[in-house]
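Reviewing the structure listed below.
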Amino acid sequence: MRIMYLGDLHGNFNVVNQYVKHYDITDAYIIQVGDFGVGFSTLDKEKRLLKMTNDALVKRNVTLYAIRGNHDFPGYFNNDPFGFTNIKLVKDYTVLNLEGKNILCIGGAVSVDRKLQMTKHQLNGNFDIKTGNERWWNDEGFVWQDDKLVDLRNINIVVTHTAPDYCIPDNSNGFGAFVNGFFKNDPELKLDLLDERRQMTLAFQTIKMYNEIHLHVYGHYHRSDLITIDNVQHRVLGVGELFEERDYYAQ
């Protein structure tokens, strides 16, 4: 069985169908790196959309695992409501044992556009009122839980949505015009972004202390790039990009 990785989808589930057909993918695992795009519509509607994809994966013996992105409803990843055989939402800090490899999965990230996505109630600080039209959730971010990392052993690969601060992109000298545009109306955003990446760095320090990691795959930043640091390949995937260690696939 092959192990592949897929970038942010933002609800464009048909990309999965297109890839498995175009590349004739069979007998494989696909790990999607967050921003799968669930929670923005009714559960019934999303079940109907995903069923077609699940059926296609069943025919080809392909299982897709999706971790939690900032554009996903967190509650679905704590208790997967879909119940599909070949599409599985992965809880944070899950270790997938696939083809002799132990793959640690940790989701979550801060949305730079969170102020634009908040409902009127959320902007007023009330997160208990549910309207059914939420497009942002206050528990979207990466949650650093070192107690879940210290006992992990024999981890080979790490899949996350965001990344440590030494990975691409380097924000030490600023965030660029696109992200900077959100700071005016969200004065806490810059500190939250920096702090999240710092916490992810601390998490990786613990992981690397006890494990021989050779690959880290992540998404979130909507770019495709690779950097190798201390013998670990850090591979960021662009939107809809499919990646396998032995091959590269065009978007």
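For the structure tokens, the naming scheme is as follows: chains receive sequential letters (A, B, ...) according to their order of presentation, residues are indexed from 1 within each chain, and ligands are indexed from 1 in presentation order.
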
For this session: Pick out each residue of segment 109-156 of chain A that DSSP on the backbone tags as alpha helix (DSSP H); I need them as a list in words.
Result: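 Across segment 109-156 of chain A, those assigned alpha helix (DSSP H) are Arg114, Lys115, Leu116, Gln117, Lys120, His121, Gln122 and Leu123 of chain A.
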
Dump as a tab-separated table (two decimals), in the first residue's frame, selection limited to C-alpha atoms:
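What follows is the written file selection_0.tsv:
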chain	number	residue	atom	x	y	z
A	114	ARG	CA	-10.98	35.13	11.60
A	115	LYS	CA	-12.54	38.56	12.18
A	116	LEU	CA	-14.17	38.38	8.75
A	117	GLN	CA	-15.53	34.91	9.47
A	120	LYS	CA	-22.15	39.01	15.09
A	121	HIS	CA	-22.46	37.07	18.35
A	122	GLN	CA	-18.86	35.89	18.18
A	123	LEU	CA	-17.58	39.42	17.52

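The neighbours of Phe175 of chain A here are the residues that come within 10 Å of it, using only C-alpha atoms and leaving out any residue fewer than 5 positions away in the same chain; they are A:Pro169, A:Asp170, A:Asn180, A:Gly181, A:Lys190, A:Leu193, A:Leu194.
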
For this session: Run DSSP on the backbone of this structure and report the residues of segment 40-133 of chain A it assigns to strand (DSSP E), as JSON, numbers by chain.
Result: {"A": [62, 63, 64, 65, 66, 87, 88, 89, 94, 95, 96, 97, 98, 101, 102, 103, 104, 105, 106]}

Restricted to N, CA, C and O atoms, what would the selected residues look like written as a short mmCIF file (atom, residue, chain, number, x, y, z; two decimals), in the first residue's frame?
data_model
loop_
_atom_site.label_atom_id
_atom_site.label_comp_id
_atom_site.auth_asym_id
_atom_site.auth_seq_id
_atom_site.Cartn_x
_atom_site.Cartn_y
_atom_site.Cartn_z
N VAL A 62 -8.66 2.58 -1.49
CA VAL A 62 -7.93 3.75 -1.02
C VAL A 62 -8.64 4.29 0.22
O VAL A 62 -9.87 4.45 0.22
N THR A 63 -7.90 4.56 1.27
CA THR A 63 -8.46 5.17 2.48
C THR A 63 -7.87 6.55 2.65
O THR A 63 -6.66 6.74 2.57
N LEU A 64 -8.75 7.53 2.88
CA LEU A 64 -8.33 8.91 3.09
C LEU A 64 -8.51 9.28 4.55
O LEU A 64 -9.58 9.10 5.12
N TYR A 65 -7.43 9.78 5.15
CA TYR A 65 -7.46 10.28 6.52
C TYR A 65 -7.31 11.80 6.47
O TYR A 65 -6.37 12.31 5.84
N ALA A 66 -8.21 12.53 7.10
CA ALA A 66 -8.15 14.00 7.10
C ALA A 66 -7.89 14.50 8.52
O ALA A 66 -8.59 14.10 9.46
N ILE A 87 -13.24 7.23 4.33
CA ILE A 87 -12.89 8.61 4.66
C ILE A 87 -13.00 8.73 6.17
O ILE A 87 -14.06 8.53 6.75
N LYS A 88 -11.89 9.08 6.81
CA LYS A 88 -11.86 9.11 8.27
C LYS A 88 -11.30 10.45 8.75
O LYS A 88 -10.24 10.88 8.30
N LEU A 89 -12.04 11.11 9.66
CA LEU A 89 -11.55 12.33 10.28
C LEU A 89 -10.72 11.95 11.49
O LEU A 89 -11.17 11.19 12.35
N THR A 94 -3.46 11.58 17.15
CA THR A 94 -3.61 10.19 16.71
C THR A 94 -2.32 9.74 16.03
O THR A 94 -1.68 10.50 15.30
N VAL A 95 -1.92 8.49 16.26
CA VAL A 95 -0.81 7.89 15.55
C VAL A 95 -1.36 6.83 14.60
O VAL A 95 -1.99 5.87 15.04
N LEU A 96 -1.17 7.05 13.31
CA LEU A 96 -1.59 6.08 12.31
C LEU A 96 -0.45 5.09 12.07
O LEU A 96 0.69 5.50 11.82
N ASN A 97 -0.75 3.82 12.16
CA ASN A 97 0.24 2.78 11.89
C ASN A 97 -0.02 2.22 10.49
O ASN A 97 -0.91 1.39 10.31
N LEU A 98 0.74 2.71 9.52
CA LEU A 98 0.50 2.36 8.12
C LEU A 98 1.78 1.83 7.48
O LEU A 98 2.81 2.52 7.47
N LYS A 101 5.01 2.20 9.21
CA LYS A 101 5.39 3.56 9.61
C LYS A 101 4.40 4.09 10.64
O LYS A 101 3.19 3.83 10.54
N ASN A 102 4.91 4.81 11.61
CA ASN A 102 4.07 5.43 12.63
C ASN A 102 3.98 6.92 12.34
O ASN A 102 4.99 7.64 12.40
N ILE A 103 2.78 7.37 12.02
CA ILE A 103 2.56 8.73 11.54
C ILE A 103 1.73 9.49 12.56
O ILE A 103 0.55 9.19 12.79
N LEU A 104 2.35 10.49 13.18
CA LEU A 104 1.67 11.31 14.18
C LEU A 104 0.92 12.45 13.49
O LEU A 104 1.49 13.17 12.67
N CYS A 105 -0.37 12.62 13.84
CA CYS A 105 -1.22 13.62 13.19
C CYS A 105 -1.69 14.65 14.22
O CYS A 105 -2.30 14.29 15.23
N ILE A 106 -1.41 15.93 13.94
CA ILE A 106 -1.82 17.01 14.84
C ILE A 106 -2.41 18.15 14.00
O ILE A 106 -1.71 18.73 13.18
#

Exercise. Near segment 16-32 of chain A, within 7 Å and counting only C-alpha atoms, which residues show up once chain neighbours fewer than 2 positions away are dropped, as a list in words?
Worked result: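 Close residues of segment 16-32 of chain A: Met1, Arg2, Ile3, Met4, Tyr5, Leu6, Gly7, Phe13, Asn14, Gly34, Thr53, Ala56, Arg60, Asn61, Val62, Thr63, Leu64, Tyr65, Ala66 and Ile67 of chain A.
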
Problem set entry | Selected residue of minimal separation from Ile168 of chain A among A:Asn86, A:Gln199, A:Asn124, A:Ser224, counting only C-alpha atoms |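 Smallest distance to Ile168 of chain A is found for A:Ser224.
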